[in-house]
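Visitor: mmCIF, C-alpha atoms, file entry.cif:
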data_my_file
loop_
_atom_site.label_atom_id
_atom_site.label_comp_id
_atom_site.auth_asym_id
_atom_site.auth_seq_id
_atom_site.Cartn_x
_atom_site.Cartn_y
_atom_site.Cartn_z
CA MET M 446 109.43 67.06 104.02
CA PRO M 447 107.99 66.11 100.64
CA ILE M 448 106.67 68.85 98.39
CA SER M 449 102.99 68.49 97.68
CA ARG M 450 101.66 68.25 94.14
CA THR M 451 99.95 71.60 94.60
CA ASP M 452 103.13 73.35 95.68
CA ARG M 453 105.01 71.84 92.75
CA LEU M 454 102.34 73.06 90.36
CA LEU M 455 102.38 76.52 91.84
CA ALA M 456 106.17 76.65 91.56
CA ASP M 457 105.83 75.69 87.91
CA TRP M 458 103.17 78.37 87.46
CA ARG M 459 105.57 80.95 88.89
CA ALA M 460 108.38 79.78 86.61
CA ALA M 461 106.18 79.82 83.53
CA ALA M 462 104.62 83.19 84.30
CA SER M 463 107.99 84.78 84.89
CA ALA M 464 108.89 84.06 81.28
CA VAL M 465 106.33 86.47 79.89
CA ARG M 466 107.62 89.10 77.52
CA LEU M 467 105.16 91.90 77.25
CA PRO M 468 105.55 94.72 74.71
CA LYS M 469 108.07 97.31 75.79
CA THR M 470 105.76 100.24 75.29
CA ALA M 471 102.31 100.78 76.71
CA PRO M 472 99.41 100.25 74.31
CA ALA M 473 97.50 103.04 72.64
CA GLY M 474 99.07 106.09 74.27
CA ARG M 475 98.04 109.23 72.51
CA ARG M 476 98.84 107.81 69.13
CA VAL M 477 95.62 105.83 68.78
CA ASP M 478 92.73 105.98 71.20
CA HIS M 479 89.98 104.26 69.32
CA ARG M 480 91.17 101.04 67.83
CA VAL M 481 89.65 97.76 66.86
CA GLY M 482 91.28 94.51 65.91
CA TRP M 483 91.48 92.77 62.59
CA GLY M 484 88.78 90.44 63.79
CA SER M 485 86.66 93.51 64.33
CA ALA M 486 87.45 94.69 60.86
CA VAL M 487 86.17 91.47 59.38
CA VAL M 488 82.98 91.51 61.44
CA LEU M 489 82.32 95.18 60.83
CA SER M 490 82.93 94.79 57.13
CA LEU M 491 80.43 91.95 56.96
CA VAL M 492 77.88 93.98 58.86
CA LEU M 493 78.53 96.95 56.66
CA VAL M 494 77.86 94.85 53.60
CA LEU M 495 74.61 93.65 55.13
CA VAL M 496 73.55 97.18 55.98
CA VAL M 497 74.52 98.57 52.58
CA LEU M 498 72.67 95.78 50.84
CA GLY M 499 69.63 97.06 52.67
CA THR M 500 68.29 93.81 53.91
CA ARG M 501 65.96 95.67 56.22
CA GLY M 502 64.91 99.27 56.01
CA PRO M 503 66.93 102.46 55.87
CA SER M 504 70.26 103.28 57.48
CA LEU M 505 70.56 104.40 61.05
CA PRO M 506 69.33 107.98 61.49
CA GLY M 507 70.82 110.94 63.28
CA PRO M 508 73.56 113.34 62.26
CA GLY M 509 75.83 110.36 61.68
CA SER M 510 74.45 107.94 59.17
CA SER M 511 75.59 104.34 59.25
CA GLY M 512 77.73 104.58 56.18
CA ALA M 513 81.33 103.54 55.92
CA ILE M 514 82.77 102.42 59.21
CA GLY M 515 86.24 103.65 60.02
CA ILE M 516 88.68 100.85 60.76
CA ALA M 517 91.91 101.51 62.58
CA SER M 518 94.93 99.37 63.27
CA PRO M 519 94.88 96.11 65.26
CA THR M 520 94.45 96.36 68.99
CA SER M 521 97.26 94.10 70.01
CA GLY M 522 100.09 94.60 67.63
CA ILE M 523 102.79 93.09 69.82
CA SER M 524 106.17 93.47 68.21
CA GLU M 525 109.05 94.23 70.52
CA THR M 526 109.71 92.09 73.54
CA VAL M 527 111.70 92.51 76.71
CA PRO M 528 113.06 90.05 79.28
CA PRO M 529 110.82 89.17 82.19
CA ALA M 530 110.37 92.18 84.39
CA THR M 531 110.93 92.08 88.11
CA VAL M 532 108.24 94.30 89.47
CA GLY M 533 107.52 94.77 93.14
CA LEU M 534 103.95 93.98 94.09
CA VAL M 535 101.99 97.03 95.02
CA SER M 536 99.26 96.33 97.50
CA PRO M 537 95.95 97.67 96.26
CA ALA M 538 94.64 100.67 98.10
CA ALA M 539 91.16 100.21 99.43
CA SER M 540 90.34 103.76 98.48
CA MET M 541 91.08 103.29 94.80
CA PRO M 542 88.13 104.07 92.57
CA ALA M 543 86.63 100.90 91.20
CA PRO M 544 84.35 100.59 88.20
CA ALA M 545 80.78 101.00 89.35
CA THR M 546 78.73 97.86 89.15
CA ALA M 547 75.50 97.55 87.28
CA ALA M 548 73.64 96.56 90.43
CA ALA M 549 73.16 100.17 91.45
CA VAL M 550 70.79 101.03 88.61
CA GLN M 551 67.41 99.64 87.64
CA VAL M 552 66.76 99.69 83.92
CA PRO M 553 63.10 99.36 82.92
CA SER M 554 62.19 96.12 81.21
CA ALA M 555 61.99 96.36 77.45
CA GLY M 556 59.01 94.03 77.25
CA GLY M 557 58.83 91.25 74.70
CA THR M 558 59.71 87.72 75.78
CA CYS M 559 63.49 87.38 75.30
CA THR M 560 65.43 87.16 78.54
CA SER M 561 69.06 87.87 79.35
CA THR M 562 69.61 84.23 80.28
CA GLN M 563 68.62 82.85 76.90
CA LEU M 564 70.53 85.36 74.75
CA VAL M 565 74.23 84.49 74.85
CA LEU M 566 76.46 87.45 74.01
CA GLY M 567 79.72 87.47 72.08
CA GLY M 568 82.33 90.21 72.16
CA SER M 569 81.15 93.63 71.10
CA GLN M 570 82.75 95.69 68.34
CA SER M 571 82.74 99.46 68.07
CA ALA M 572 83.97 102.01 65.58
CA PHE M 573 83.47 105.58 64.49
CA THR M 574 81.09 105.91 61.61
CA ASN M 575 80.10 108.67 59.21
CA SER M 576 78.63 111.78 60.74
CA SER M 577 77.58 115.19 59.58
CA ILE M 578 79.68 118.32 60.04
CA GLY M 579 79.99 119.26 63.68
CA SER M 580 79.11 115.85 65.06
CA ARG M 581 80.69 112.47 65.61
CA ALA M 582 79.08 109.06 65.73
CA VAL M 583 79.99 105.60 66.94
CA ASN M 584 78.33 102.28 66.19
CA VAL M 585 78.50 99.45 68.70
CA LEU M 586 77.71 95.97 67.43
CA GLN M 587 76.79 93.34 69.99
CA PRO M 588 76.46 89.79 68.62
CA PHE M 589 74.08 87.40 70.34
CA ARG M 590 72.75 83.87 69.95
CA ASN M 591 69.39 82.64 71.18
CA ASP M 592 70.12 79.54 73.24
CA GLY M 593 66.53 79.31 74.41
CA ASN M 594 63.15 79.05 72.78
CA ARG M 595 61.82 81.37 70.10
CA CYS M 596 61.23 84.79 71.63
CA VAL M 597 60.37 88.38 70.85
CA LEU M 598 63.14 90.92 71.36
CA ARG M 599 61.55 94.31 71.90
CA LEU M 600 63.75 97.36 71.63
CA PRO M 601 64.07 99.25 74.91
CA THR M 602 63.19 102.91 75.29
CA THR M 603 65.67 103.33 78.15
CA ILE M 604 69.19 102.00 78.61
CA ALA M 605 71.80 102.65 81.28
CA VAL M 606 75.11 104.17 80.21
CA ALA M 607 78.39 104.53 82.10
CA PRO M 608 82.04 105.38 81.58
CA ALA M 609 84.55 102.64 82.36
CA SER M 610 84.92 103.62 86.00
CA GLY M 611 81.80 105.69 86.70
CA ALA M 612 78.23 105.12 87.71
CA PHE M 613 75.47 104.10 85.36
CA GLY M 614 72.84 106.63 84.42
CA LEU M 615 69.56 106.04 82.61
CA ARG M 616 69.36 107.51 79.14
CA PRO M 617 66.60 107.40 76.50
CA VAL M 618 67.13 105.36 73.36
CA GLY M 619 65.08 105.51 70.20
CA PRO M 620 64.47 102.97 67.45
CA ALA M 621 66.81 103.36 64.51
CA GLU M 622 64.11 102.13 62.18
CA SER M 623 60.36 101.76 62.28
CA GLN M 624 60.53 98.18 63.50
CA THR M 625 60.69 97.95 67.28
CA SER M 626 60.31 94.23 67.96
CA PHE M 627 62.03 91.26 66.42
CA THR M 628 61.27 87.57 66.52
CA ILE M 629 64.38 85.59 67.39
CA ARG M 630 64.12 81.90 66.56
CA ALA M 631 65.71 79.21 68.71
CA GLY M 632 69.39 78.95 67.84
CA GLU M 633 69.31 82.09 65.73
CA SER M 634 72.16 84.62 65.88
CA GLY M 635 72.02 88.34 65.40
CA LEU M 636 73.38 91.77 66.25
CA ILE M 637 72.18 94.52 68.50
CA ILE M 638 73.35 97.73 66.84
CA LEU M 639 73.65 100.79 69.06
CA HIS M 640 74.30 104.10 67.32
CA ALA M 641 75.36 107.12 69.36
CA TRP M 642 76.21 110.59 68.13
CA TRP M 643 77.11 113.88 69.73
CA TRP M 644 77.76 117.45 68.70
CA GLU M 645 81.29 118.77 68.77
CA GLY M 646 80.68 122.28 67.47
CA TRP M 647 81.75 123.63 64.11
CA THR M 648 82.82 126.70 62.21
CA SER M 649 80.33 128.78 60.30
CA ASP M 650 81.10 128.89 56.60
CA SER M 651 79.90 132.47 56.15
CA ARG M 652 81.72 134.31 58.93
CA ASP M 653 84.33 131.75 59.92
CA THR M 654 83.36 131.99 63.55
CA PRO M 655 83.10 128.92 65.72
CA ARG M 656 79.61 127.81 66.65
CA PRO M 657 79.29 125.95 69.93
CA PRO M 658 77.36 122.71 70.13
CA PRO M 659 73.75 122.92 71.28
CA PRO M 660 72.98 122.20 74.94
CA CYS M 661 73.34 118.65 76.22
CA ASN M 662 71.54 118.02 79.48
CA GLU M 663 73.30 115.93 82.12
CA PRO M 664 75.88 114.42 79.79
CA ILE M 665 77.60 111.14 80.59
CA ILE M 666 81.14 111.56 79.31
CA ASP M 667 83.21 108.92 77.52
CA ALA M 668 80.74 106.11 77.99
CA THR M 669 82.03 102.63 77.27
CA ARG M 670 79.38 100.51 79.00
CA VAL M 671 75.69 100.01 78.34
CA LEU M 672 73.10 98.05 80.27
CA PHE M 673 70.65 96.79 77.69
CA PRO M 674 67.35 95.50 79.10
CA PHE M 675 65.34 92.57 77.80
CA ALA M 676 61.99 91.26 79.00
CA SER M 677 63.86 90.23 82.12
CA GLY M 678 67.47 90.85 82.98
CA ASN M 679 70.03 93.09 81.32
CA ALA M 680 73.06 92.58 79.12
CA GLU M 681 76.14 94.63 79.94
CA ILE M 682 77.68 95.70 76.67
CA ASP M 683 81.27 96.93 76.94
CA PHE M 684 83.02 98.60 74.06
CA LEU M 685 86.33 100.30 73.34
CA THR M 686 85.37 103.34 71.27
CA PRO M 687 83.89 105.78 73.80
CA TRP M 688 80.69 107.68 73.28
CA HIS M 689 82.05 111.09 74.10
CA GLU M 690 78.77 112.53 75.33
CA VAL M 691 75.39 110.92 76.02
CA CYS M 692 72.72 113.46 76.89
CA LEU M 693 69.59 112.99 78.97
CA THR M 694 67.96 115.28 76.41
CA PRO M 695 67.97 115.29 73.48
CA THR M 696 68.15 111.59 72.65
CA HIS M 697 71.44 110.77 71.00
CA VAL M 698 71.31 106.97 70.97
CA THR M 699 69.33 104.73 68.64
CA VAL M 700 69.13 100.97 68.44
CA THR M 701 68.10 98.27 66.06
CA VAL M 702 68.57 94.52 65.62
CA ARG M 703 69.75 92.45 62.69
CA THR M 704 69.27 88.72 62.65
CA VAL M 705 71.54 86.55 60.55
CA SER M 706 68.65 85.39 58.42
CA GLY M 707 67.75 89.02 57.81
CA MET A 388 100.54 124.60 80.78
CA GLU A 389 98.07 122.16 79.23
CA LEU A 390 100.87 120.66 77.20
CA ALA A 391 102.94 120.16 80.34
CA LEU A 392 100.04 118.44 82.06
CA ALA A 393 99.48 116.21 79.07
CA GLU A 394 103.14 115.24 79.08
CA THR A 395 102.93 114.47 82.78
CA VAL A 396 99.99 112.15 82.24
CA ASP A 397 101.91 110.50 79.41
CA VAL A 398 104.81 109.84 81.75
CA LEU A 399 102.56 108.57 84.53
CA TYR A 400 100.84 106.25 82.11
CA GLU A 401 104.12 104.86 80.82
CA ARG A 402 105.37 104.41 84.38
CA ALA A 403 102.18 102.62 85.33
CA TYR A 404 102.69 100.27 82.44
CA GLU A 405 106.29 99.60 83.42
CA ALA A 406 105.36 99.04 87.06
CA ALA A 407 102.10 97.13 86.80
CA SER A 408 101.82 95.40 83.44
CA VAL A 409 103.44 92.18 84.64
CA ASP A 410 101.23 92.07 87.73
CA VAL A 411 98.16 92.66 85.59
CA PHE A 412 99.28 89.91 83.23
CA ARG A 413 99.84 87.43 86.07
CA PHE A 414 96.48 88.20 87.58
CA LEU A 415 94.82 87.68 84.21
CA LEU A 416 96.81 84.52 83.61
CA ALA A 417 95.49 83.15 86.89
CA TRP A 418 91.95 84.21 86.09
CA THR A 419 91.78 83.03 82.48
CA ASN A 420 94.33 80.19 82.51
CA ASP A 421 94.97 81.29 78.92
CA TRP A 422 98.29 82.85 78.00
CA SER A 423 97.19 84.65 74.84
CA ALA A 424 94.01 85.94 76.42
CA ALA A 425 96.00 87.24 79.40
CA GLU A 426 98.35 89.11 77.07
CA ASP A 427 95.51 90.60 75.07
CA LEU A 428 93.49 91.54 78.11
CA THR A 429 96.53 93.19 79.68
CA GLN A 430 96.73 95.41 76.64
CA GLU A 431 93.01 96.14 76.85
CA ALA A 432 93.23 97.03 80.52
CA PHE A 433 95.92 99.60 79.79
CA ILE A 434 93.95 100.97 76.87
CA ARG A 435 91.12 101.54 79.35
CA LEU A 436 93.55 103.28 81.68
CA TRP A 437 94.63 105.55 78.86
CA GLN A 438 91.06 106.33 77.93
CA HIS A 439 90.36 107.34 81.53
CA ARG A 440 93.68 108.92 82.27
CA ASN A 441 92.09 112.25 83.17
CA ALA A 442 89.67 110.71 85.67
CA VAL A 443 92.15 108.47 87.47
CA SER A 444 93.85 109.54 90.70
CA TRP A 445 97.46 109.16 89.72
CA ASP A 446 98.74 109.83 93.22
CA ARG A 447 97.33 106.50 94.41
CA PRO A 448 98.51 103.00 93.46
CA ILE A 449 96.94 102.23 90.14
CA LEU A 450 97.17 98.44 90.31
CA ALA A 451 93.85 97.88 92.09
CA TRP A 452 92.01 99.97 89.49
CA LEU A 453 93.69 98.03 86.71
CA LEU A 454 92.88 94.65 88.22
CA VAL A 455 89.21 95.46 88.73
CA VAL A 456 89.01 96.61 85.12
CA ALA A 457 91.00 93.57 84.00
CA ARG A 458 88.71 91.13 85.77
CA ARG A 459 85.64 92.74 84.23
CA LEU A 460 87.21 92.69 80.79
CA ALA A 461 88.17 89.07 81.27
CA SER A 462 84.68 88.10 82.32
CA ASN A 463 83.08 89.88 79.38
CA ARG A 464 85.57 89.35 76.62
CA HIS A 465 87.48 86.18 77.25
CA ARG A 466 85.59 84.11 74.74
CA SER A 467 85.61 86.73 72.02
CA LEU A 468 89.29 87.47 72.46
CA ARG A 469 90.15 83.82 72.20
CA ARG A 470 88.14 83.62 69.04
CA ARG A 471 89.74 86.77 67.66
CA PHE A 472 93.37 85.98 68.24
CA VAL A 473 93.78 82.25 68.53
CA HIS A 474 94.39 81.65 64.83
CA TRP A 475 97.29 83.99 64.36
CA ARG A 476 99.08 84.22 67.66
CA THR A 477 99.24 81.54 70.32
CA GLU A 478 101.63 81.35 73.22
CA SER A 479 103.83 83.69 71.23
CA SER A 480 105.71 85.56 73.89
CA THR A 481 107.52 82.73 75.64
CA ASP A 482 110.44 80.54 74.81
CA GLU A 483 109.85 76.87 74.06
CA ASP A 484 110.74 75.53 77.53
CA ALA A 485 108.46 77.98 79.24
CA ARG A 486 105.71 77.15 76.77
CA VAL A 487 105.89 73.42 77.49
CA ARG A 488 106.01 74.04 81.22
CA TRP A 489 103.05 76.34 80.94
CA LEU A 490 100.95 73.82 79.02
CA ASP A 491 101.45 71.25 81.80
CA VAL A 492 100.47 73.72 84.47
CA LYS A 493 97.54 74.98 82.45
CA ARG A 494 96.18 71.46 82.09
CA ALA A 495 96.36 70.86 85.80
CA LEU A 496 94.78 74.18 86.73
CA SER A 497 91.98 73.90 84.21
CA GLN A 498 89.96 71.84 86.66
CA LEU A 499 89.66 74.83 88.98
CA THR A 500 87.11 77.61 88.71
CA GLU A 501 88.30 81.11 87.91
CA VAL A 502 87.97 82.20 91.51
CA GLU A 503 89.66 79.08 92.89
CA ARG A 504 92.56 79.41 90.48
CA THR A 505 93.00 83.13 91.05
CA ALA A 506 92.71 82.74 94.80
CA ILE A 507 95.35 80.04 95.12
CA VAL A 508 97.77 81.56 92.63
CA MET A 509 97.53 85.15 93.82
CA THR A 510 97.80 84.29 97.50
CA SER A 511 100.25 81.40 97.37
CA VAL A 512 102.45 82.48 94.47
CA GLU A 513 102.06 86.23 94.18
CA GLY A 514 101.86 86.91 97.89
CA TRP A 515 98.61 88.83 97.99
CA SER A 516 96.68 89.07 101.20
CA TYR A 517 93.19 87.62 101.26
CA ALA A 518 91.79 91.03 102.14
CA ASP A 519 93.40 92.82 99.19
CA LEU A 520 92.43 90.11 96.74
CA ALA A 521 88.88 89.99 98.10
CA ARG A 522 88.50 93.69 97.33
CA VAL A 523 89.67 93.21 93.77
CA LEU A 524 87.43 90.21 93.20
CA GLY A 525 84.46 91.71 94.99
CA THR A 526 84.15 88.91 97.50
CA THR A 527 85.09 88.15 101.12
CA ASP A 528 88.19 86.82 102.85
CA ALA A 529 86.26 83.77 103.99
CA ALA A 530 85.07 82.96 100.50
CA LEU A 531 88.62 83.20 99.20
CA ARG A 532 89.99 80.98 101.95
CA ALA A 533 87.34 78.41 101.11
CA ALA A 534 88.22 78.70 97.43
CA VAL A 535 91.91 78.09 98.17
CA SER A 536 91.02 75.07 100.27
CA ARG A 537 88.86 73.64 97.50
CA ALA A 538 91.58 74.33 94.96
CA ARG A 539 94.18 72.45 97.01
CA ASP A 540 91.83 69.51 97.45
CA LYS A 541 91.16 69.32 93.73
CA LEU A 542 94.81 69.61 92.76
CA GLU A 543 95.94 66.97 95.27
CA ALA A 544 93.19 64.59 94.19
CA ALA A 545 93.98 64.93 90.50
#
Can you give me the file's structure in the form of structure tokens?
Guide:
Amino acid sequence: MPISRTDRLLADWRAAASAVRLPKTAPAGRRVDHRVGWGSAVVLSLVLVLVVLGTRGPSLPGPGSSGAIGIASPTSGISETVPPATVGLVSPAASMPAPATAAAVQVPSAGGTCTSTQLVLGGSQSAFTNSSIGSRAVNVLQPFRNDGNRCVLRLPTTIAVAPASGAFGLRPVGPAESQTSFTIRAGESGLIILHAWWWEGWTSDSRDTPRPPPPCNEPIIDATRVLFPFASGNAEIDFLTPWHEVCLTPTHVTVTVRTVSG
Amino acid sequence: MELALAETVDVLYERAYEAASVDVFRFLLAWTNDWSAAEDLTQEAFIRLWQHRNAVSWDRPILAWLLVVARRLASNRHRSLRRRFVHWRTESSTDEDARVRWLDVKRALSQLTEVERTAIVMTSVEGWSYADLARVLGTTDAALRAAVSRARDKLEAA
């Protein structure tokens, strides 16, 4: 019986895939939790230059200012290799926790005229940034391009936030600067910049006694996903550097937009 | 005690990587049809597992969790990862014969959609049941069977 073209292709797929040599050790581990790639370093550096040059208004507010952005080692530094592994297939358990989908939460429209269908998103970048004593801060940079007509991107006052495998929860977001709406021309590119900070507690200088962080109501822990609303539709922004704690009150997230033309 | 627990999670994480990384890679290879992206996304999926190591139920098979995360990462990040890595590392982790063989297969499979490609590869090559794969992909058995049928038609007609 002749072998069909499909079966021959699939046999070739199996042979090719079996030749993979993945790194011997698992990535990250406890050595590095919050890493970005060299590509990220380049993008973040460029953004940092733009921000420092002060093309539009002051730096992001909050305990963590948007000063120097910490850059860590590359995400995928593959060095050692091993022969193809022979791993038995484990059937997925239906009861395994799966990342919650965005469909379960309704984020209020931000207004304006830009829609999620016309703004094409690139890959997000995230990194720790400067923060004051007792707090930590992370910036998330989400590139976009306007593939539709000229529109007005209004900053939302509410976003949805979730950990990698948990449910989304609505959280307030404030403007990082006085400007709250931005005109995005057709074909124009830009960045949505989300800045989140949280208290970690600190030690009093005078008595050397630890001071706990102030209350955080209904915290969402280790958030790595954001639903960002436009006039219609949302963008799901995923990032690698977790926001350790996002409170319902007080507001610990701010947002602004930079367009390439400034 | 905390140190012992931390070490246990370390071990579980390393074991999960040893046991599931190749399966995650193959799933991602089917989904993306891009060797480098599949390698990078495999790393990212395990970074996510590490970040959520304290919330994961380690007494259950971890592969389904990883594949759901991997698919979401692939959907969101495929383009950016390709852009990020393509200039300094392409098809790096294979020998030359495997690379050539892969490029032929890749060309043929590029005419399929992500779901069609994943459905036919994971069920016909990797031996997954339609029900298990449907849960990972968030679809139905029937939709997957239809996708496999379409995939076969396209590949035979090519």
Visitor: Could you tell me which residues the PyMOL selection byres ((chain A and resi 496) around 10) returns for this structure, as a ChimeraX atom specification?
Guide: /M:451,454-455,458 /A:417,420,490-495,497-501,503-504,508,538,541-542
Visitor: Would you output that residue set with C-alpha atoms, as a compact mmCIF listing (two decimals), in the frame of the given file?
Guide:
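Once written, result20.txt looks like this:
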# COMPACT_ATOMS: atom_id res chain seq x y z
CA THR M 451 99.95 71.60 94.60
CA LEU M 454 102.34 73.06 90.36
CA LEU M 455 102.38 76.52 91.84
CA TRP M 458 103.17 78.37 87.46
CA ALA A 417 95.49 83.15 86.89
CA ASN A 420 94.33 80.19 82.51
CA LEU A 490 100.95 73.82 79.02
CA ASP A 491 101.45 71.25 81.80
CA VAL A 492 100.47 73.72 84.47
CA LYS A 493 97.54 74.98 82.45
CA ARG A 494 96.18 71.46 82.09
CA ALA A 495 96.36 70.86 85.80
CA SER A 497 91.98 73.90 84.21
CA GLN A 498 89.96 71.84 86.66
CA LEU A 499 89.66 74.83 88.98
CA THR A 500 87.11 77.61 88.71
CA GLU A 501 88.30 81.11 87.91
CA GLU A 503 89.66 79.08 92.89
CA ARG A 504 92.56 79.41 90.48
CA VAL A 508 97.77 81.56 92.63
CA ALA A 538 91.58 74.33 94.96
CA LYS A 541 91.16 69.32 93.73
CA LEU A 542 94.81 69.61 92.76
Visitor: Taking all atoms listed in the file into account and nothing else, which residues of chain A lie no more than 7 Å away from chain M? Please answer as a PyMOL selection string.
Guide: chain A and resi 401+404+406+409+413+427+430+433-434+437-438+448+450-452+455-456+464+467+471+480-481+485+488-489+492+508+512+519+539+542-543
Visitor: Do a neighbour search on Ala676 in chain M at 12 Å with only C-alpha atoms, toss out local chain neighbours closer than 5 positions, and write the hits as a PyMOL selection string.
Guide: chain M and resi 552-564+596-601+626
Visitor: Counting all atoms listed in the file, which residues sit no farther than 6 Å from the position (91.5, 81.9, 99.5) in the file's frame? I'd like them as a list of chain:residue names.
Guide: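 Answer for this query, in the requested form: A:Ala506, A:Leu531, A:Arg532, A:Ala533, A:Ala534, A:Val535.
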Visitor: Restricting the output to C-alpha atoms, write the selected residues as an mmCIF file, in the frame of the given file.
Guide:
data_model
loop_
_atom_site.group_PDB
_atom_site.id
_atom_site.type_symbol
_atom_site.label_atom_id
_atom_site.label_comp_id
_atom_site.auth_asym_id
_atom_site.auth_seq_id
_atom_site.Cartn_x
_atom_site.Cartn_y
_atom_site.Cartn_z
ATOM 1 C CA ALA A 506 92.710 82.740 94.800
ATOM 2 C CA LEU A 531 88.620 83.200 99.200
ATOM 3 C CA ARG A 532 89.990 80.980 101.950
ATOM 4 C CA ALA A 533 87.340 78.410 101.110
ATOM 5 C CA ALA A 534 88.220 78.700 97.430
ATOM 6 C CA VAL A 535 91.910 78.090 98.170
#
Visitor: Write out as a list in words the residues lying within 7 Å of Val700 in chain M, counting all atoms listed in the file and excluding same-chain residues fewer than 3 positions away.
Guide: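 Answer for this query is Val618, Gly619, Pro620, Ala621, Ile638, Leu639 and His640 of chain M.
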